[in-house]
file data-v6.cif (mmCIF, C-alpha atoms and all ligand atoms)
data_model
loop_
_atom_site.label_atom_id
_atom_site.label_comp_id
_atom_site.auth_asym_id
_atom_site.auth_seq_id
_atom_site.Cartn_x
_atom_site.Cartn_y
_atom_site.Cartn_z
CA MET E 1 108.55 241.41 -79.25
CA LEU E 2 111.21 238.94 -80.29
CA PRO E 3 110.93 237.31 -83.70
CA PRO E 4 109.29 233.85 -83.52
CA SER E 5 112.67 232.28 -84.30
CA MET E 6 113.86 233.22 -80.80
CA GLN E 7 110.75 231.91 -79.09
CA THR E 8 110.83 228.62 -80.95
CA PRO E 9 114.29 228.14 -82.48
CA LEU E 10 112.93 225.76 -85.11
CA PHE E 11 110.60 228.36 -86.59
CA GLY E 12 111.40 228.75 -90.31
CA LYS E 13 114.34 226.30 -90.10
CA ARG E 14 114.65 223.69 -92.81
CA VAL E 15 115.09 220.23 -91.35
CA LEU E 16 115.87 217.10 -93.34
CA VAL E 17 114.61 214.08 -91.41
CA GLY E 18 116.54 210.97 -92.45
CA VAL E 19 114.79 207.69 -91.66
CA GLY E 20 116.48 204.29 -91.54
CA GLY E 21 114.99 200.80 -91.90
CA SER E 22 113.91 200.10 -88.35
CA ILE E 23 110.67 199.30 -86.55
CA ALA E 24 111.20 202.69 -84.88
CA ALA E 25 110.69 204.36 -88.31
CA TYR E 26 107.01 204.78 -87.43
CA ARG E 27 108.02 207.15 -84.61
CA ALA E 28 109.71 209.39 -87.20
CA CYS E 29 106.14 210.28 -88.26
CA ASP E 30 105.58 211.93 -84.88
CA VAL E 31 108.91 213.70 -85.11
CA VAL E 32 107.93 215.19 -88.48
CA ARG E 33 104.56 216.28 -87.11
CA ARG E 34 106.06 217.93 -84.01
CA LEU E 35 108.79 219.74 -85.98
CA ARG E 36 106.13 221.19 -88.27
CA GLU E 37 104.02 222.28 -85.29
CA LEU E 38 107.07 224.26 -84.12
CA GLY E 39 107.29 226.04 -87.47
CA ALA E 40 110.05 224.00 -89.13
CA ILE E 41 110.03 223.26 -92.87
CA VAL E 42 110.48 219.51 -93.00
CA ARG E 43 111.49 217.16 -95.76
CA VAL E 44 111.96 213.43 -95.24
CA ALA E 45 114.71 211.29 -96.71
CA PRO E 46 113.79 207.65 -96.10
CA THR E 47 116.32 204.97 -97.00
CA ARG E 48 115.11 202.16 -99.26
CA ALA E 49 114.83 199.94 -96.17
CA ALA E 50 112.78 202.60 -94.33
CA ALA E 51 110.23 202.58 -97.14
CA ALA E 52 109.54 198.94 -96.25
CA PHE E 53 108.39 200.05 -92.79
CA VAL E 54 106.63 203.38 -93.53
CA THR E 55 105.62 204.39 -97.02
CA PRO E 56 107.01 207.62 -98.48
CA MET E 57 103.38 208.65 -99.02
CA THR E 58 102.90 208.81 -95.25
CA PHE E 59 105.96 211.02 -94.83
CA GLU E 60 104.87 213.21 -97.75
CA ALA E 61 101.42 213.71 -96.24
CA LEU E 62 102.90 214.61 -92.84
CA SER E 63 105.66 216.87 -94.14
CA GLY E 64 103.77 218.46 -97.01
CA MET E 65 106.80 217.84 -99.23
CA THR E 66 107.95 215.12 -101.57
CA CYS E 67 110.46 212.74 -100.06
CA LEU E 68 114.06 212.98 -101.14
CA GLY E 69 114.37 210.24 -103.79
CA GLY E 70 117.30 208.14 -104.98
CA VAL E 71 120.86 209.39 -105.55
CA LEU E 72 120.38 209.07 -109.29
CA ASP E 73 117.12 211.06 -109.42
CA VAL E 74 118.75 213.89 -111.35
CA ALA E 75 116.24 215.78 -113.47
CA HIS E 76 116.61 218.98 -115.52
CA GLY E 77 120.22 219.29 -114.37
CA ARG E 78 119.24 219.49 -110.68
CA ILE E 79 121.01 217.22 -108.22
CA PRO E 80 118.54 216.75 -105.32
CA HIS E 81 121.01 215.68 -102.61
CA VAL E 82 123.35 218.60 -103.32
CA GLU E 83 120.45 221.08 -103.39
CA GLU E 84 119.03 219.63 -100.19
CA ALA E 85 122.39 219.87 -98.43
CA HIS E 86 122.59 223.58 -99.34
CA ALA E 87 119.00 224.29 -98.31
CA SER E 88 118.95 222.45 -94.96
CA ASP E 89 119.72 223.96 -91.55
CA LEU E 90 119.77 220.58 -89.82
CA VAL E 91 119.75 216.87 -90.61
CA LEU E 92 118.04 214.71 -88.01
CA VAL E 93 118.47 210.99 -88.54
CA CYS E 94 115.84 208.88 -86.77
CA ALA E 95 115.76 205.96 -86.61
CA ALA E 96 119.48 205.37 -87.21
CA THR E 97 120.19 201.67 -87.67
CA ALA E 98 123.62 200.07 -87.11
CA ASP E 99 123.96 199.78 -90.89
CA LEU E 100 123.09 203.43 -91.51
CA MET E 101 125.55 204.65 -88.87
CA ALA E 102 128.28 202.40 -90.28
CA LYS E 103 127.71 203.90 -93.73
CA MET E 104 127.72 207.42 -92.30
CA ALA E 105 130.97 206.76 -90.41
CA HIS E 106 132.65 205.44 -93.55
CA GLY E 107 131.36 208.08 -95.94
CA LEU E 108 129.23 205.81 -98.12
CA ALA E 109 126.71 207.47 -100.39
CA ASP E 110 124.45 204.77 -101.85
CA GLU E 111 121.28 206.46 -100.50
CA ALA E 112 120.06 210.02 -101.10
CA LEU E 113 120.25 210.63 -97.33
CA LEU E 114 123.90 209.50 -97.16
CA ALA E 115 124.88 211.54 -100.21
CA THR E 116 123.19 214.59 -98.68
CA LEU E 117 125.02 214.08 -95.37
CA LEU E 118 128.35 214.06 -97.21
CA ALA E 119 127.49 217.35 -98.88
CA PHE E 120 126.05 218.93 -95.71
CA PRO E 121 128.32 221.12 -93.55
CA GLY E 122 125.70 221.91 -90.82
CA PRO E 123 124.58 220.25 -87.59
CA VAL E 124 123.63 216.57 -87.61
CA VAL E 125 121.59 214.87 -84.87
CA VAL E 126 121.35 211.08 -84.84
CA ALA E 127 118.92 208.92 -82.86
CA PRO E 128 120.09 205.27 -82.93
CA ALA E 129 117.56 202.41 -82.74
CA MET E 130 118.56 198.75 -82.71
CA GLU E 131 118.85 195.58 -80.63
CA SER E 132 121.05 196.02 -77.57
CA HIS E 133 123.73 193.58 -78.79
CA MET E 134 123.99 195.44 -82.08
CA TRP E 135 124.33 198.70 -80.15
CA SER E 136 127.03 197.40 -77.79
CA HIS E 137 128.97 195.64 -80.59
CA ALA E 138 132.53 196.93 -80.93
CA ALA E 139 131.95 197.81 -84.60
CA THR E 140 128.91 199.96 -83.80
CA GLN E 141 130.67 201.64 -80.88
CA ALA E 142 133.68 202.43 -83.10
CA ASN E 143 131.33 203.99 -85.66
CA VAL E 144 129.61 205.98 -82.89
CA ALA E 145 132.99 207.27 -81.71
CA THR E 146 133.87 208.29 -85.28
CA LEU E 147 130.59 210.14 -85.74
CA ARG E 148 130.95 211.90 -82.35
CA SER E 149 134.51 212.95 -83.19
CA ARG E 150 133.12 214.65 -86.30
CA GLY E 151 130.64 216.68 -84.25
CA VAL E 152 127.55 214.51 -84.82
CA HIS E 153 125.25 214.77 -81.80
CA LEU E 154 123.76 211.45 -80.65
CA VAL E 155 120.50 211.28 -78.70
CA GLY E 156 119.95 207.97 -76.94
CA PRO E 157 119.40 205.14 -77.41
CA VAL E 158 117.54 204.53 -74.16
CA GLU E 159 116.78 201.40 -72.15
CA GLY E 160 113.40 199.82 -72.79
CA VAL E 161 111.46 197.10 -74.56
CA LEU E 162 112.97 196.41 -77.99
CA ALA E 163 111.42 195.09 -81.21
CA SER E 164 112.42 191.54 -80.22
CA GLY E 165 110.39 191.82 -77.03
CA ARG E 166 113.61 191.79 -74.93
CA SER E 167 114.59 194.75 -72.79
CA GLY E 168 117.86 196.62 -72.96
CA ALA E 169 119.68 199.66 -74.36
CA GLY E 170 118.81 200.27 -78.00
CA ARG E 171 115.35 201.81 -78.01
CA MET E 172 115.08 205.11 -79.88
CA ALA E 173 114.97 208.15 -77.55
CA PRO E 174 111.54 209.74 -76.90
CA VAL E 175 110.19 212.05 -79.61
CA ASP E 176 110.31 215.05 -77.22
CA ASP E 177 114.04 214.50 -76.67
CA LEU E 178 114.67 214.39 -80.42
CA VAL E 179 112.72 217.58 -81.01
CA GLU E 180 114.55 219.32 -78.14
CA ALA E 181 117.91 218.16 -79.54
CA ALA E 182 116.87 219.62 -82.92
CA ALA E 183 115.97 222.96 -81.27
CA TRP E 184 119.31 222.96 -79.46
CA ALA E 185 121.23 222.10 -82.64
CA VAL E 186 119.90 225.03 -84.69
CA CYS E 187 120.53 227.71 -82.02
CA ASP E 188 123.54 230.04 -82.17
CA LYS E 189 125.91 229.06 -79.37
CA ASP E 190 126.67 232.57 -78.13
CA LEU E 191 126.94 231.34 -74.51
CA ALA E 192 129.39 228.52 -75.32
CA GLY E 193 132.07 228.27 -72.64
CA THR E 194 129.80 229.83 -69.99
CA GLN E 195 129.07 227.88 -66.80
CA LEU E 196 125.79 228.77 -65.10
CA VAL E 197 124.00 227.64 -61.99
CA ILE E 198 120.28 228.40 -62.08
CA THR E 199 117.73 227.74 -59.33
CA ALA E 200 114.06 227.12 -60.07
CA GLY E 201 110.77 226.19 -58.49
CA PRO E 202 109.69 226.15 -54.88
CA THR E 203 111.39 224.60 -51.88
CA VAL E 204 109.43 222.36 -49.56
CA GLU E 205 109.87 222.45 -45.78
CA ASP E 206 108.44 219.36 -44.13
CA LEU E 207 106.48 219.68 -40.88
CA ASP E 208 105.62 216.05 -40.29
CA PRO E 209 105.20 212.93 -42.48
CA VAL E 210 102.14 214.42 -44.23
CA ARG E 211 102.40 218.22 -44.14
CA PHE E 212 104.81 220.79 -45.52
CA LEU E 213 105.29 224.53 -46.13
CA SER E 214 105.80 225.59 -49.73
CA ASN E 215 104.65 228.17 -52.30
CA ARG E 216 103.05 228.53 -55.73
CA SER E 217 106.19 228.50 -57.87
CA SER E 218 105.79 226.07 -60.78
CA GLY E 219 109.42 226.33 -61.94
CA ARG E 220 108.42 227.70 -65.38
CA MET E 221 110.54 230.87 -65.21
CA GLY E 222 113.68 229.12 -63.92
CA LEU E 223 113.26 226.30 -66.41
CA ALA E 224 112.87 228.76 -69.30
CA LEU E 225 116.19 230.35 -68.28
CA ALA E 226 117.92 226.98 -68.03
CA VAL E 227 116.58 225.65 -71.35
CA GLN E 228 117.32 228.83 -73.31
CA ALA E 229 120.81 229.07 -71.80
CA ALA E 230 121.61 225.44 -72.67
CA ARG E 231 120.25 225.94 -76.20
CA ARG E 232 122.64 228.89 -76.50
CA GLY E 233 125.55 226.63 -75.57
CA ALA E 234 125.98 227.28 -71.83
CA GLN E 235 126.73 224.44 -69.40
CA VAL E 236 123.85 224.74 -66.97
CA SER E 237 123.35 223.20 -63.52
CA LEU E 238 119.67 223.55 -62.72
CA VAL E 239 119.08 223.18 -58.99
CA HIS E 240 115.35 222.79 -58.63
CA GLY E 241 112.69 222.05 -56.06
CA PRO E 242 109.66 219.88 -56.91
CA LEU E 243 108.43 221.16 -60.31
CA ARG E 244 105.00 221.08 -61.92
CA ILE E 245 106.56 220.56 -65.36
CA ALA E 246 109.11 218.08 -66.67
CA VAL E 247 112.70 219.15 -67.31
CA PRO E 248 113.39 218.53 -71.02
CA ALA E 249 116.54 216.71 -72.09
CA VAL E 250 118.65 219.56 -73.49
CA PRO E 251 122.35 218.94 -74.14
CA GLY E 252 124.38 220.87 -71.56
CA LEU E 253 121.56 221.02 -69.02
CA THR E 254 122.09 219.04 -65.80
CA PRO E 255 119.11 218.96 -63.43
CA ILE E 256 119.77 218.56 -59.70
CA ALA E 257 116.58 217.85 -57.77
CA VAL E 258 116.36 219.09 -54.18
CA ARG E 259 113.52 219.53 -51.71
CA SER E 260 114.35 221.91 -48.88
CA ALA E 261 115.95 225.35 -48.74
CA ALA E 262 118.93 223.80 -46.92
CA GLU E 263 119.48 221.28 -49.75
CA MET E 264 119.13 224.03 -52.36
CA HIS E 265 121.65 226.14 -50.43
CA GLU E 266 124.20 223.33 -50.39
CA GLU E 267 123.85 222.29 -54.04
CA THR E 268 123.77 225.86 -55.36
CA THR E 269 126.68 227.16 -53.28
CA LYS E 270 129.07 224.38 -54.29
CA ARG E 271 128.26 224.87 -57.97
CA ALA E 272 128.35 228.69 -57.82
CA ALA E 273 132.03 228.53 -56.85
CA ARG E 274 132.89 227.17 -60.32
CA SER E 275 130.30 229.13 -62.32
CA ASP E 276 130.53 232.33 -64.33
CA ALA E 277 127.08 233.37 -63.13
CA ALA E 278 124.44 232.26 -60.63
CA ILE E 279 120.82 233.06 -61.52
CA LEU E 280 118.60 232.50 -58.50
CA CYS E 281 115.03 232.31 -59.70
CA ALA E 282 113.72 229.82 -57.14
CA ALA E 283 111.09 230.84 -54.63
CA VAL E 284 113.01 229.68 -51.57
CA ALA E 285 111.12 229.30 -48.31
CA ASP E 286 112.11 232.09 -45.94
CA ALA E 287 111.29 229.97 -42.90
CA ARG E 288 111.10 226.28 -41.93
CA PRO E 289 109.73 224.40 -38.93
CA ARG E 290 112.35 224.25 -36.15
CA THR E 291 111.82 220.48 -35.88
CA LEU E 292 110.53 217.81 -38.23
CA ALA E 293 107.96 215.72 -36.35
CA LYS E 294 108.45 211.96 -36.78
CA THR E 295 104.72 211.29 -36.41
CA LYS E 296 101.71 213.20 -37.70
CA LEU E 297 101.04 216.37 -35.67
CA LYS E 298 97.68 216.16 -33.89
CA LYS E 299 95.18 218.95 -34.53
CA SER E 300 93.21 217.79 -31.45
CA LYS E 301 96.25 218.33 -29.22
CA GLY E 302 96.82 221.84 -30.61
CA GLU E 303 100.19 220.76 -32.10
CA LEU E 304 99.45 222.36 -35.45
CA THR E 305 99.00 225.84 -34.05
CA ARG E 306 102.23 225.66 -32.03
CA VAL E 307 104.61 225.02 -34.97
CA GLU E 308 107.71 227.12 -34.36
CA LEU E 309 109.41 228.52 -37.46
CA VAL E 310 113.07 229.49 -37.87
CA PRO E 311 114.57 231.42 -40.81
CA THR E 312 116.28 229.50 -43.63
CA ARG E 313 119.70 230.58 -44.85
CA ASP E 314 119.54 233.08 -47.70
CA ILE E 315 121.42 231.52 -50.63
CA LEU E 316 121.72 234.72 -52.65
CA ALA E 317 122.81 236.87 -49.69
CA ASP E 318 125.39 234.25 -48.69
CA LEU E 319 126.80 234.16 -52.24
CA GLY E 320 126.93 237.97 -52.28
CA ALA E 321 128.71 238.07 -48.91
CA ALA E 322 131.21 235.37 -49.92
CA ARG E 323 132.05 237.22 -53.12
CA LYS E 324 132.49 240.51 -51.27
CA LYS E 325 134.77 238.87 -48.71
CA LYS E 326 136.98 237.54 -51.50
CA LYS E 327 136.81 240.91 -53.31
CA ALA E 328 135.93 238.84 -56.38
CA LYS E 329 133.77 239.72 -59.40
CA ARG E 330 132.68 236.13 -60.02
CA PRO E 331 130.24 234.59 -60.14
CA VAL E 332 127.98 237.28 -61.56
CA LEU E 333 124.96 237.21 -59.24
CA VAL E 334 121.44 237.62 -60.57
CA GLY E 335 118.57 237.57 -58.09
CA PHE E 336 114.81 237.61 -58.56
CA ALA E 337 112.25 239.53 -56.56
CA ALA E 338 108.62 238.51 -56.26
CA GLU E 339 106.74 241.66 -55.15
CA THR E 340 103.19 242.92 -54.93
CA GLY E 341 103.45 246.68 -55.52
CA GLU E 342 106.40 249.11 -55.12
CA VAL E 343 108.43 246.74 -57.27
CA LEU E 344 111.30 249.15 -57.96
CA ALA E 345 111.84 250.19 -54.34
CA TYR E 346 111.86 246.59 -53.05
CA ALA E 347 114.04 245.41 -55.92
CA ARG E 348 116.61 248.16 -55.21
CA GLY E 349 116.60 247.16 -51.54
CA LYS E 350 117.26 243.49 -52.42
CA LEU E 351 120.00 244.40 -54.94
CA ALA E 352 121.93 246.28 -52.23
CA HIS E 353 121.12 244.00 -49.31
CA LYS E 354 121.96 240.75 -51.14
CA GLY E 355 125.02 242.16 -52.95
CA CYS E 356 124.06 241.12 -56.48
CA ASP E 357 124.65 242.61 -59.94
CA LEU E 358 121.12 242.45 -61.29
CA ILE E 359 117.66 241.91 -59.84
CA CYS E 360 114.81 240.68 -62.06
CA ALA E 361 111.64 241.82 -60.34
CA ASN E 362 108.08 240.75 -61.14
CA ASP E 363 104.84 242.02 -59.72
CA VAL E 364 103.25 238.72 -58.73
CA GLY E 365 99.92 240.42 -58.09
CA GLU E 366 99.63 241.41 -61.77
CA ALA E 367 97.54 239.19 -64.11
CA GLY E 368 99.77 237.15 -66.45
CA SER E 369 102.88 237.72 -64.32
CA GLY E 370 104.79 235.78 -61.68
CA PHE E 371 103.70 232.42 -60.30
CA ASP E 372 102.44 229.49 -62.37
CA VAL E 373 101.65 231.29 -65.66
CA ASP E 374 103.43 231.08 -69.01
CA THR E 375 104.07 234.83 -69.27
CA ASN E 376 105.85 237.46 -67.21
CA ARG E 377 106.57 241.19 -67.02
CA MET E 378 109.98 241.91 -65.56
CA LEU E 379 111.68 245.00 -64.27
CA LEU E 380 115.46 244.65 -64.56
CA VAL E 381 117.29 246.61 -61.88
CA TRP E 382 121.05 247.30 -61.91
CA PRO E 383 122.89 249.49 -59.35
CA THR E 384 122.55 252.62 -61.51
CA GLU E 385 119.66 251.95 -63.88
CA GLU E 386 116.48 250.01 -64.44
CA ARG E 387 114.43 248.86 -67.46
CA TRP E 388 111.05 247.19 -67.96
CA LEU E 389 110.93 244.24 -70.34
CA PRO E 390 107.75 243.87 -72.40
CA HIS E 391 105.08 241.49 -71.13
CA ALA E 392 105.97 238.26 -72.97
CA SER E 393 106.32 234.50 -72.73
CA LYS E 394 108.72 233.27 -70.04
CA ASP E 395 110.96 231.90 -72.83
CA GLU E 396 111.22 235.35 -74.35
CA VAL E 397 111.79 237.05 -70.98
CA ALA E 398 114.50 234.45 -70.25
CA TRP E 399 116.15 235.29 -73.58
CA HIS E 400 116.42 238.98 -72.65
CA ILE E 401 117.72 238.21 -69.16
CA LEU E 402 120.39 235.92 -70.61
CA ASP E 403 121.53 238.72 -72.94
CA GLU E 404 122.12 240.84 -69.82
CA VAL E 405 123.86 237.96 -68.01
CA LYS E 406 126.11 237.52 -71.05
CA ALA E 407 127.04 241.22 -70.95
CA LEU E 408 127.76 241.09 -67.19
CA VAL E 409 129.94 237.97 -67.56
CA ALA E 410 131.84 239.59 -70.45
CA ARG E 411 132.48 242.66 -68.28
CA THR E 412 133.95 240.57 -65.45
CA THR E 413 136.14 238.69 -67.96
CA ARG E 414 137.58 241.96 -69.23
CA ARG E 415 138.29 243.11 -65.66
CA ARG E 416 140.20 239.99 -64.63
O1 LIG E 501 108.16 229.34 -60.97
P1 LIG E 501 107.13 230.18 -61.67
O2 LIG E 501 105.73 229.68 -61.42
O3 LIG E 501 107.44 230.36 -63.13
O4 LIG E 501 107.17 231.64 -61.01
C1 LIG E 501 108.29 232.47 -61.20
C2 LIG E 501 108.66 233.24 -59.92
C3 LIG E 501 107.52 234.17 -59.57
C4 LIG E 501 108.90 232.26 -58.75
C5 LIG E 501 109.98 234.01 -60.22
O5 LIG E 501 109.78 234.89 -61.28
C6 LIG E 501 110.47 234.79 -59.00
O6 LIG E 501 110.07 235.92 -58.76
N1 LIG E 501 111.39 234.18 -58.20
C7 LIG E 501 111.86 234.70 -56.92
C8 LIG E 501 110.86 234.43 -55.85
C9 LIG E 501 111.33 234.88 -54.49
O7 LIG E 501 111.50 234.05 -53.64
O8 LIG E 501 111.58 236.14 -54.33
P2 LIG E 501 112.10 236.80 -52.97
O9 LIG E 501 111.84 238.21 -53.17
O10 LIG E 501 111.49 236.11 -51.79
O11 LIG E 501 113.67 236.47 -52.93
C10 LIG E 501 114.64 237.34 -53.50
C11 LIG E 501 115.81 236.54 -54.05
O12 LIG E 501 116.49 235.87 -52.97
C12 LIG E 501 115.45 235.48 -55.06
O13 LIG E 501 116.47 235.46 -56.03
C13 LIG E 501 115.47 234.19 -54.24
O14 LIG E 501 115.79 233.05 -55.04
C14 LIG E 501 116.58 234.48 -53.25
N2 LIG E 501 116.44 233.78 -51.95
C15 LIG E 501 115.36 233.98 -51.14
C16 LIG E 501 115.30 233.33 -49.92
C17 LIG E 501 116.36 232.44 -49.54
N3 LIG E 501 116.34 231.78 -48.39
N4 LIG E 501 117.39 232.26 -50.37
C18 LIG E 501 117.47 232.91 -51.56
O15 LIG E 501 118.43 232.74 -52.31
#
call {"tool": "encode", "arguments": {"input": "data-v6.cif", "output": "structure tokens"}}
result
Amino acid sequence: MLPPSMQTPLFGKRVLVGVGGSIAAYRACDVVRRLRELGAIVRVAPTRAAAAFVTPMTFEALSGMTCLGGVLDVAHGRIPHVEEAHASDLVLVCAATADLMAKMAHGLADEALLATLLAFPGPVVVAPAMESHMWSHAATQANVATLRSRGVHLVGPVEGVLASGRSGAGRMAPVDDLVEAAAWAVCDKDLAGTQLVITAGPTVEDLDPVRFLSNRSSGRMGLALAVQAARRGAQVSLVHGPLRIAVPAVPGLTPIAVRSAAEMHEETTKRAARSDAAILCAAVADARPRTLAKTKLKKSKGELTRVELVPTRDILADLGAARKKKKAKRPVLVGFAAETGEVLAYARGKLAHKGCDLICANDVGEAGSGFDVDTNRMLLVWPTEERWLPHASKDEVAWHILDEVKALVARTTRRR
């Protein structure tokens, strides 16, 4: 079992939430609550202006800690902003006003939050919130560029209704996106520089305007791989069919939505050519209707029982064949196998037949494994060995698989 820190990267991490004087300050309350739910130790540093919108007492009740006070609150020889800078793993500034970002860009320190940021060498995530004209103003954009050049990660702002009642760019990003950016920011980037293409979910093969062929894949396993890989610093193209769950906004993760096996083939193949590894977790339809009827097929005319199916192209086998033809080692190819019994024998067959480096096989007949559940039990099969992973959350299983992908990519790098 992995330590909780690997399942939820924020577990045990100390996060300083800086809050600026904006209407959006009230949404910082939700951020604090969600970070704590994920196991983070949270302290809030409201600016003086923020305290006019949300009282420090509210933040103290939600965080379970006193708020970081003024810069001059030195007591018993302890300097709070210096101590906080040493103790924190991450500073997340939400809502960041134009004024607060300007002060950050210019190194001002007239608030405890700003003084802490100057003393803090770790990751900083900033969520701007302001009127759209303030956001697009050349001064703000110059400050944004300065902050980005120093490694500050900005989330949003997004388009939407603003405090003035007008619509435009300037609304603070959704709480989920801020929490995901925080999780990303505290993870070790051991996959930095790695390009991955990952497939997830089912494909859908349309029969007529109302019916289709598909399967029970929810996309959870593929999404777990994509999210964990992006958190670890990889650049991930996630080619996915219709999913039952939303794709979170993780830096480095680019979702590409497709519907059919043919679309997934096209989008995956063109990205695989420039990837270090392709991880094909999608449950791709093996067959599709030969023709797509323009009008609804009539049961009464027997049209539904005469649907002719033709095989789809096998993405993984085609990638394996293309690599073999070029006598290349890249991309590393990782396939999945959904089996019901005789998992090892079928997985070995697929490994050889599809020409891949690793097959991750799950027994989809087993309770708590395979389709549309949050857990999985995987058998990893290489050409000369195999190993069962413990039954665990899909996030944890994904973590182990990515360790193996990392090792395979490193091996091909050494061979080049
Ligand atoms: O999405 P979840 O609900 O979380 O469920 C996860 C899962 C059960 C879908 C996943 O763990 C899994 O097993 N994925 C592979 C499902 C599958 O289609 O297996 P397969 O044995 O039919 O295919 C073998 C491999 O060939 C797979 O890597 C598949 O992506 C690939 N393939 C198959 C057909 C095709 N036309 N092209 C392909 O690339």
call {"tool": "residues_near_point", "arguments": {"input": "data-v6.cif", "point": "(131.5, 232.5, -64.1)", "cutoff": "12 Å", "atoms": "all atoms listed in the file", "output": "PyMOL selection string"}}
result
chain E and resi 191+193-197+234-236+271-279+323+328-334+405-413+416
call {"tool": "closest_residue", "arguments": {"input": "data-v6.cif", "among": "E:Thr295, E:Thr384, E:Thr199, E:Gln228", "to": "ligand LIG 501 (chain E)", "atoms": "all atoms listed in the file"}}
result
E:Thr199
call {"tool": "closest_residue", "arguments": {"input": "data-v6.cif", "among": "E:Ile198, E:Leu297, E:Ala230, E:Ile256", "to": "ligand LIG 501 (chain E)", "atoms": "only C-alpha atoms and all ligand atoms"}}
result
E:Ile198
call {"tool": "residues_near_ligand", "arguments": {"input": "data-v6.cif", "ligand": "ligand LIG 501 (chain E)", "cutoff": "7 Å", "atoms": "only C-alpha atoms and all ligand atoms", "output": "VMD selection string"}}
result
chain E and resid 200 to 201 216 to 222 261 280 to 286 312 to 317 335 to 339 350 361 to 362 364 370 to 373
call {"tool": "atom_distance", "arguments": {"input": "data-v6.cif", "atom1": "CA of Leu108 (chain E)", "atom2": "CA of Pro56 (chain E)"}}
result
22.3 Å
call {"tool": "closest_residue", "arguments": {"input": "data-v6.cif", "among": "E:Val250, E:Leu213, E:Val19, E:Ala52", "to": "Val155 (chain E)", "atoms": "only C-alpha atoms"}}
result
E:Val250
call {"tool": "closest_residue", "arguments": {"input": "data-v6.cif", "among": "E:Gly241, E:Asp73, E:Val15, E:Ala287", "to": "Ala185 (chain E)", "atoms": "all atoms listed in the file"}}
result
E:Val15
call {"tool": "residues_around", "arguments": {"input": "data-v6.cif", "residues": "Gly122 (chain E)", "least_positions_apart": "6", "cutoff": "8 Å", "atoms": "all atoms listed in the file", "output": "PyMOL selection string"}}
result
chain E and resi 88-91
call {"tool": "residues_around", "arguments": {"input": "data-v6.cif", "residues": "Asp110 (chain E)", "least_positions_apart": "6", "cutoff": "12 Å", "atoms": "all atoms listed in the file", "output": "PyMOL selection string"}}
result
chain E and resi 47-48+69-72+81+100+103-104+116-118
call {"tool": "atom_distance", "arguments": {"input": "data-v6.cif", "atom1": "CA of Glu396 (chain E)", "atom2": "CA of Gly320 (chain E)"}}
result
27.2 Å
call {"tool": "atom_distance", "arguments": {"input": "data-v6.cif", "atom1": "CA of Ser22 (chain E)", "atom2": "CA of Arg166 (chain E)"}}
result
15.8 Å
call {"tool": "residues_near_point", "arguments": {"input": "data-v6.cif", "point": "(112.8, 237.8, -69.9)", "cutoff": "10 Å", "atoms": "all atoms listed in the file", "output": "ChimeraX atom specification"}}
result
/E:221,224-225,360,375-380,388-404
call {"tool": "write_last_selection", "arguments": {"input": "data-v6.cif", "atoms": "C-alpha atoms", "output": "mmCIF file, keeping the file's coordinate frame"}}
result
data_model
loop_
_atom_site.group_PDB
_atom_site.id
_atom_site.type_symbol
_atom_site.label_atom_id
_atom_site.label_comp_id
_atom_site.auth_asym_id
_atom_site.auth_seq_id
_atom_site.Cartn_x
_atom_site.Cartn_y
_atom_site.Cartn_z
ATOM 1 C CA MET E 221 110.540 230.870 -65.210
ATOM 2 C CA ALA E 224 112.870 228.760 -69.300
ATOM 3 C CA LEU E 225 116.190 230.350 -68.280
ATOM 4 C CA CYS E 360 114.810 240.680 -62.060
ATOM 5 C CA THR E 375 104.070 234.830 -69.270
ATOM 6 C CA ASN E 376 105.850 237.460 -67.210
ATOM 7 C CA ARG E 377 106.570 241.190 -67.020
ATOM 8 C CA MET E 378 109.980 241.910 -65.560
ATOM 9 C CA LEU E 379 111.680 245.000 -64.270
ATOM 10 C CA LEU E 380 115.460 244.650 -64.560
ATOM 11 C CA TRP E 388 111.050 247.190 -67.960
ATOM 12 C CA LEU E 389 110.930 244.240 -70.340
ATOM 13 C CA PRO E 390 107.750 243.870 -72.400
ATOM 14 C CA HIS E 391 105.080 241.490 -71.130
ATOM 15 C CA ALA E 392 105.970 238.260 -72.970
ATOM 16 C CA SER E 393 106.320 234.500 -72.730
ATOM 17 C CA LYS E 394 108.720 233.270 -70.040
ATOM 18 C CA ASP E 395 110.960 231.900 -72.830
ATOM 19 C CA GLU E 396 111.220 235.350 -74.350
ATOM 20 C CA VAL E 397 111.790 237.050 -70.980
ATOM 21 C CA ALA E 398 114.500 234.450 -70.250
ATOM 22 C CA TRP E 399 116.150 235.290 -73.580
ATOM 23 C CA HIS E 400 116.420 238.980 -72.650
ATOM 24 C CA ILE E 401 117.720 238.210 -69.160
ATOM 25 C CA LEU E 402 120.390 235.920 -70.610
ATOM 26 C CA ASP E 403 121.530 238.720 -72.940
ATOM 27 C CA GLU E 404 122.120 240.840 -69.820
#
call {"tool": "residues_around", "arguments": {"input": "data-v6.cif", "residues": "Trp382 (chain E)", "least_positions_apart": "4", "cutoff": "8 Å", "atoms": "only C-alpha atoms", "output": "list of chain:residue names"}}
result
E:Leu351, E:Asp357, E:Leu358, E:Ile359, E:Glu386
